[in-house]
Every structure is written in C-alpha cells, then in structure tokens.
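Asks: coords_20.txt is reproduced in full below (compact mmCIF, C-alpha atoms).
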```
# COMPACT_ATOMS: atom_id res chain seq x y z
CA GLU A 1 -7.72 4.28 13.26
CA THR A 2 -5.08 2.94 10.86
CA GLY A 3 -2.08 2.92 13.21
CA VAL A 4 -0.54 5.92 11.44
CA THR A 5 -0.83 9.31 13.13
CA GLN A 6 0.02 12.73 11.76
CA THR A 7 0.46 16.08 13.51
CA PRO A 8 -0.60 18.74 13.17
CA ARG A 9 -3.89 18.06 11.40
CA HIS A 10 -4.09 21.64 10.13
CA LEU A 11 -1.31 24.16 9.53
CA VAL A 12 -1.34 27.70 8.21
CA MET A 13 2.04 29.23 7.47
CA GLY A 14 3.49 32.24 5.72
CA MET A 15 5.95 31.91 2.88
CA THR A 16 8.89 32.85 5.10
CA ASN A 17 8.06 30.46 7.94
CA LYS A 18 9.72 27.18 8.80
CA LYS A 19 7.54 24.37 10.07
CA SER A 20 7.63 20.58 10.33
CA LEU A 21 5.07 17.85 9.79
CA LYS A 22 5.30 14.70 11.88
CA CYS A 23 4.21 11.15 11.15
CA GLU A 24 4.35 8.16 13.46
CA GLN A 25 3.39 4.56 12.79
CA HIS A 26 2.73 1.84 15.36
CA LEU A 27 2.56 -1.07 12.92
CA GLY A 28 6.12 -2.34 12.94
CA HIS A 29 6.61 -1.31 9.31
CA ASN A 30 9.95 -0.47 7.75
CA ALA A 31 8.83 1.61 4.78
CA MET A 32 7.35 5.09 5.06
CA TYR A 33 6.08 7.54 2.45
CA TRP A 34 5.09 11.16 1.98
CA TYR A 35 2.34 11.99 -0.52
CA LYS A 36 0.92 15.33 -1.62
CA GLN A 37 -2.80 15.43 -2.38
CA SER A 38 -4.25 18.38 -4.25
CA ALA A 39 -7.03 19.05 -6.70
CA LYS A 40 -4.51 19.02 -9.58
CA LYS A 41 -2.84 15.73 -8.71
CA PRO A 42 -4.86 13.56 -6.35
CA LEU A 43 -2.08 11.34 -4.94
CA GLU A 44 1.44 12.42 -5.77
CA LEU A 45 4.30 10.44 -4.26
CA MET A 46 7.04 12.68 -2.83
CA PHE A 47 9.48 10.52 -0.85
CA VAL A 48 10.02 6.88 0.10
CA TYR A 49 12.09 5.56 2.98
CA ASN A 50 13.07 1.94 3.56
CA PHE A 51 14.80 1.11 6.84
CA LYS A 52 15.41 4.85 7.46
CA GLU A 53 17.15 5.26 4.10
CA GLN A 54 15.63 7.45 1.42
CA THR A 55 15.03 5.25 -1.62
CA GLU A 56 12.99 7.64 -3.72
CA ASN A 57 12.75 11.38 -4.22
CA ASN A 58 10.16 12.13 -6.87
CA SER A 59 11.76 15.39 -8.09
CA VAL A 60 10.52 17.28 -5.06
CA PRO A 61 11.72 20.91 -4.61
CA SER A 62 14.35 21.41 -1.94
CA ARG A 63 12.00 23.57 0.13
CA PHE A 64 10.61 20.19 1.28
CA SER A 65 13.15 18.30 3.38
CA PRO A 66 12.28 14.85 4.75
CA GLU A 67 13.83 13.21 7.78
CA CYS A 68 13.46 9.62 8.99
CA PRO A 69 15.28 9.15 12.33
CA ASN A 70 13.91 5.62 12.79
CA SER A 71 11.46 3.27 11.12
CA SER A 72 8.54 4.56 13.21
CA HIS A 73 8.91 8.29 12.63
CA LEU A 74 8.94 10.45 9.55
CA PHE A 75 9.18 14.23 9.34
CA LEU A 76 8.70 16.72 6.54
CA HIS A 77 10.50 20.01 7.15
CA LEU A 78 9.05 22.96 5.29
CA HIS A 79 10.69 26.31 4.51
CA THR A 80 10.02 29.20 2.13
CA LEU A 81 6.97 27.49 0.69
CA GLN A 82 4.81 28.88 -2.10
CA PRO A 83 1.02 29.24 -2.13
CA GLU A 84 0.83 26.40 -4.68
CA ASP A 85 2.26 24.09 -2.02
CA SER A 86 -1.06 24.32 -0.17
CA ALA A 87 -2.44 20.78 -0.10
CA LEU A 88 -3.17 17.76 2.06
CA TYR A 89 0.07 15.98 2.98
CA LEU A 90 -0.38 12.29 3.64
CA CYS A 91 2.00 9.92 5.33
CA ALA A 92 1.82 6.18 4.77
CA SER A 93 3.69 3.10 5.89
CA SER A 94 4.01 -0.48 4.70
CA GLN A 95 6.16 -3.54 4.97
CA ASP A 96 9.54 -3.01 3.37
CA GLU A 97 9.98 -4.38 -0.12
CA TRP A 98 11.75 -7.47 1.14
CA GLY A 99 8.85 -8.21 3.47
CA ARG A 100 6.59 -7.98 0.48
CA ASP A 101 8.78 -10.49 -1.34
CA ARG A 102 8.34 -12.90 1.55
CA GLY A 103 4.59 -12.73 1.04
CA MET A 104 3.88 -10.44 3.96
CA ASP A 105 1.21 -7.74 4.02
CA TYR A 106 1.32 -5.60 0.86
CA GLU A 107 -0.99 -2.83 2.02
CA GLN A 108 -0.03 0.80 2.49
CA TYR A 109 -1.59 2.32 5.62
CA PHE A 110 -2.30 6.02 5.43
CA GLY A 111 -2.51 8.61 8.15
CA PRO A 112 -5.32 11.23 8.20
CA GLY A 113 -3.11 13.90 6.65
CA THR A 114 -2.07 17.45 7.46
CA ARG A 115 -4.04 20.17 5.69
CA LEU A 116 -1.42 22.82 4.84
CA THR A 117 -2.30 26.34 3.78
CA VAL A 118 0.49 28.65 2.66
CA THR A 119 -0.43 32.35 2.75
CA GLY B 1 7.48 4.12 -15.18
CA GLU B 2 3.97 2.96 -14.42
CA ASN B 3 0.98 5.00 -15.58
CA VAL B 4 -2.50 4.35 -14.20
CA GLU B 5 -5.65 5.82 -15.73
CA GLN B 6 -8.96 5.74 -13.88
CA HIS B 7 -12.50 6.34 -15.17
CA PRO B 8 -14.92 7.89 -14.54
CA SER B 9 -13.76 10.85 -12.47
CA THR B 10 -17.25 11.25 -10.99
CA LEU B 11 -20.05 8.73 -10.65
CA SER B 12 -23.51 9.23 -9.24
CA VAL B 13 -25.84 6.29 -8.60
CA GLN B 14 -29.12 5.68 -6.84
CA GLU B 15 -29.04 3.73 -3.60
CA GLY B 16 -29.28 0.02 -4.33
CA ASP B 17 -27.78 0.30 -7.82
CA SER B 18 -24.35 -1.02 -8.77
CA ALA B 19 -21.26 1.10 -9.38
CA VAL B 20 -18.30 0.20 -11.57
CA ILE B 21 -14.96 2.00 -11.69
CA LYS B 22 -12.31 1.05 -14.25
CA CYS B 23 -8.54 1.42 -14.35
CA THR B 24 -5.86 0.67 -16.91
CA TYR B 25 -2.13 0.37 -16.28
CA SER B 26 0.92 0.42 -18.52
CA ASP B 27 3.64 -1.65 -16.78
CA SER B 28 3.19 -5.32 -17.64
CA ALA B 29 5.40 -6.20 -14.65
CA SER B 30 2.87 -4.77 -12.18
CA ASN B 31 1.38 -7.60 -10.15
CA TYR B 32 -0.46 -6.00 -7.23
CA PHE B 33 -3.62 -3.90 -7.62
CA PRO B 34 -5.19 -2.34 -4.52
CA TRP B 35 -8.30 -0.18 -4.27
CA TYR B 36 -8.54 2.55 -1.64
CA LYS B 37 -11.53 4.46 -0.30
CA GLN B 38 -11.05 7.98 1.02
CA GLU B 39 -13.76 9.58 3.12
CA LEU B 40 -13.87 13.27 3.91
CA GLY B 41 -11.19 14.27 6.42
CA LYS B 42 -9.45 10.89 6.34
CA GLY B 43 -6.58 9.27 4.54
CA PRO B 44 -7.18 6.54 1.93
CA GLN B 45 -7.96 3.08 3.33
CA LEU B 46 -7.58 -0.23 1.53
CA ILE B 47 -10.91 -1.87 0.75
CA ILE B 48 -9.85 -4.72 -1.52
CA ASP B 49 -6.81 -5.81 -3.49
CA ILE B 50 -5.94 -8.39 -6.10
CA ARG B 51 -2.72 -10.03 -7.18
CA SER B 52 -1.88 -10.97 -10.73
CA ASN B 53 -2.31 -14.70 -10.22
CA VAL B 54 -6.04 -14.18 -9.57
CA GLY B 55 -8.69 -12.97 -12.04
CA GLU B 56 -11.41 -12.00 -9.59
CA LYS B 57 -11.83 -11.42 -5.89
CA LYS B 58 -14.97 -10.70 -3.91
CA ASP B 59 -15.63 -9.40 -0.41
CA GLN B 60 -19.31 -9.04 0.39
CA ARG B 61 -20.65 -6.19 -1.81
CA ILE B 62 -17.27 -5.36 -3.31
CA ALA B 63 -15.51 -7.23 -6.09
CA VAL B 64 -12.45 -6.58 -8.22
CA THR B 65 -11.66 -8.13 -11.60
CA LEU B 66 -8.31 -8.17 -13.37
CA ASN B 67 -7.50 -8.71 -17.03
CA LYS B 68 -3.71 -8.96 -17.28
CA THR B 69 -3.70 -9.35 -21.04
CA ALA B 70 -5.59 -6.11 -21.55
CA LYS B 71 -3.92 -4.48 -18.54
CA HIS B 72 -7.10 -3.32 -16.90
CA PHE B 73 -8.90 -3.93 -13.64
CA SER B 74 -12.25 -2.85 -12.25
CA LEU B 75 -14.01 -2.28 -8.95
CA HIS B 76 -17.62 -3.37 -8.64
CA ILE B 77 -19.85 -2.28 -5.78
CA THR B 78 -23.30 -3.85 -5.62
CA GLU B 79 -26.33 -2.73 -3.63
CA THR B 80 -24.76 0.66 -3.02
CA GLN B 81 -25.53 2.55 0.18
CA PRO B 82 -25.13 6.24 1.05
CA GLU B 83 -22.10 5.39 3.22
CA ASP B 84 -20.33 4.14 0.08
CA SER B 85 -20.09 7.80 -1.01
CA ALA B 86 -16.38 8.65 -1.07
CA VAL B 87 -13.40 9.03 -3.38
CA TYR B 88 -12.04 5.73 -4.67
CA PHE B 89 -8.47 5.25 -5.91
CA CYS B 90 -7.04 2.37 -7.85
CA ALA B 91 -3.32 1.65 -7.82
CA ALA B 92 -0.78 -0.65 -9.42
CA SER B 93 2.63 -1.80 -8.27
CA ARG B 94 5.22 -4.51 -8.39
CA THR B 95 5.18 -6.30 -5.07
CA ASN B 96 8.92 -5.78 -4.64
CA ALA B 97 8.80 -2.08 -5.48
CA GLY B 98 7.64 -0.68 -2.16
CA LYS B 99 5.30 1.88 -3.73
CA SER B 100 2.17 2.09 -5.85
CA THR B 101 1.18 4.37 -8.71
CA PHE B 102 -2.31 5.74 -8.10
CA GLY B 103 -5.10 6.67 -10.47
CA ASP B 104 -6.61 10.13 -10.24
CA GLY B 105 -9.61 8.97 -8.22
CA THR B 106 -13.36 8.61 -8.71
CA THR B 107 -15.82 10.58 -6.62
CA LEU B 108 -18.78 8.27 -6.00
CA THR B 109 -22.06 9.74 -4.80
CA VAL B 110 -24.85 7.40 -3.75
CA LYS B 111 -28.19 9.19 -3.63
CA PRO B 112 -30.74 7.92 -1.09
```
Just dump the structure as structure tokens.
Replies:
Amino acid sequence: ETGVTQTPRHLVMGMTNKKSLKCEQHLGHNAMYWYKQSAKKPLELMFVYNFKEQTENNSVPSRFSPECPNSSHLFLHLHTLQPEDSALYLCASSQDEWGRDRGMDYEQYFGPGTRLTVT
Amino acid sequence: GENVEQHPSTLSVQEGDSAVIKCTYSDSASNYFPWYKQELGKGPQLIIDIRSNVGEKKDQRIAVTLNKTAKHFSLHITETQPEDSAVYFCAASRTNAGKSTFGDGTTLTVKP
C-alpha cells in the first residue's frame, strides 16, 4: 500500500462514453501526476499539478481532461476516446518542487493504476 | 528535454546469479536517479535512488552506481530470487523539476 489509491481499477468504455478516473493520496503531498502506460510507451507523463495548478501538459489530446480540486485528489475525465487510448493509467504524487529543494523526500509514489479498455 | 535509454529490455537469469541493468541520460543538469520496480497488477515502487553527489549506493542485495561524466547509471541485483522477477524502470530528473523522465523498462525473469 503506497498511500495512493485509484478507482476504478478496471474500466471498459465505448468510444462515445464519458467516464472519469479518480486518484486520492493520503501522504500530504502537493504534486500529483497522470501517466499512461502501454506496450508502445511504458511510462508516458501526461499531466503534472503542483498545489492544484497544472504545471505541465505533455501534448495530451483534449479528449483527456484533468481536474485537481485540491492537493489530495486528482481526476482524469475521459470522453470520445479511441481504441488506441486503451492502457493502464497511473496516478502518482510527490513533494512539490519546492519541498524537494528543501531536501525533503524526492520519491514519486504511484497508485495501482486503472486498466482502461476502449471498445 | 531529458532522454533516458535503458538496456536490456529483457533479462533472464538463474536464481542466485547477479543482474545488471544500465541506463544513460542526456541532460547534464539531472541530479536525481531513482529505480522503480513494477510487479504485475501494481504501480511502480521505488527500490533505490541516488543523487549526483554520490557515486554508489547499496541497500542489501541492491546497489546503484552513477557515472556523471559519462552520464550513465546502473542497477545491480545480487543473489537474485524468483520474487525479484518484475519490470524495472530507471529515471532521471532535476530535483527542482517535480517530474522524472523514465526509461522504457527492463523485464527481469529469475528462473528457479
């Protein structure tokens, strides 16, 4: 148990559906991340949030829409996905970059992921 | 941006043998190098990390070495056990960057 939980663990959706992935961390971190893991690209960073503000969008298509209402929760809203979007979606959290500068814990803690299948 | 290359992509060893996984990075400003282990059905978990002011770090059967001049670092696992079988990822980052660039992973199989 890493302190980062993700729901649901498995999701099957059609291309016209709208669904959301949820991530919650209980570690007191201020940075949260979404990664996509597939056979083609093992760990592909999608979004980064620091103190609820998006600080990085790694050229992700607009059919993926992140939301970070507070430092403990992160959502990924999905709509009109394509079959090639099928993958494991991993959430992670860490100290914010300023905490890292103060010599605090550098580690990223990952959740177990949501296995998404788009049909 | 940073680019991390990891080799080999698959590695099979006999139980009790050693395993070595190597990574190279491109950004000379990177100063933090973690290694993650990912078991089936789980997210990656940190197993060891090294910062640029250190050349080697050891934790029981696991060790990591760093050569900043050559921009490469390696994971060494000694006396491998079947439970070491997993996918291993290296990563590189600047400690004030808030994110790491990951290698493509190595699937390690330890045969009993």
Asks: Please check which residues have atoms at most 6 Å from (-0.6, -1.2, 10.2) in the file's coordinates, counting all atoms listed in the file, and write them as a list in words.
Replies: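 It turns out the residues near that spot are Gly3, Leu27 and Tyr109 of chain A.
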Asks: Please, which residues of chain A lie no more than 9 Å from chain B when the count uses all atoms listed in the file, and can they be set out as a ChimeraX atom specification?
Replies: /A:2,31,33,41-45,48,50,90-92,94-101,103,106-113
Asks: Could you name the residues that touch Pro61 of chain A at 12 Å or less, counting all atoms listed in the file, but leaving out those on the same chain fewer than 6 positions away, as a PyMOL selection string?
Replies: chain A and resi 46-47+77-82+85
Asks: Quick one: pull the distance between atom CA of Thr107 of chain B and atom CA of Thr10 of chain B, Å, one decimal.
Replies: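 Spanning atom CA of Thr107 of chain B to atom CA of Thr10 of chain B is a straight-line distance of 4.6 Å.
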Asks: Which residue out of A:Phe75, A:Lys36, A:Gln6, A:Met13 has the minimum interatomic distance to Val60 of chain A when all atoms listed in the file are used?
Replies: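 Among the listed residues, A:Lys36 lies closest to Val60 of chain A.
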Asks: Just the number, please: distance in Å from atom CA of Leu76 of chain A to atom CA of Tyr88 of chain B, one decimal.
Replies: 26.0 Å
Asks: Take atom CA of Met32 of chain A and atom CA of Val4 of chain B and report the distance between them in Å, one decimal.
Replies: 21.6 Å
Asks: Which residues, written as a list in words, have at least one atom at most 6 Å from Ser74 of chain B, with only C-alpha atoms counted and residues fewer than 3 positions away on the same chain left out?
Replies: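 Everything that qualifies: Ile21, Lys22, Val64 and Thr65 of chain B.
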Asks: Measuring between only C-alpha atoms, which one of B:Val54, B:Val13, B:Val110, B:Ile47 shows the shortest distance to Gln81 of chain B?
Replies: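 The shortest atom-to-atom distance to Gln81 of chain B comes from B:Val110.
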Asks: Hey, can you pull every residue with an atom no more than 12 Å from (-9.1, -9.8, -18.1), using all atoms listed in the file, and send it as a list in words?
Replies: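 Result, sorted by chain then residue number: Lys22, Cys23, Thr24, Ser52, Asn53, Val54, Gly55, Glu56, Val64, Thr65, Leu66, Asn67, Lys68, Thr69, Ala70, Lys71, His72, Phe73 and Ser74 of chain B.
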Asks: With all atoms of segment 2-9 of chain B from the file as input, state the centre and edge lengths in Å to one decimal of the axis-aligned box that has 3 Å extra on each side, as AutoDock Vina command-line options.
Replies:
```
--center_x -5.5 --center_y 6.9 --center_z -14.1 --size_x 24.9 --size_y 13.9 --size_z 9.3
```
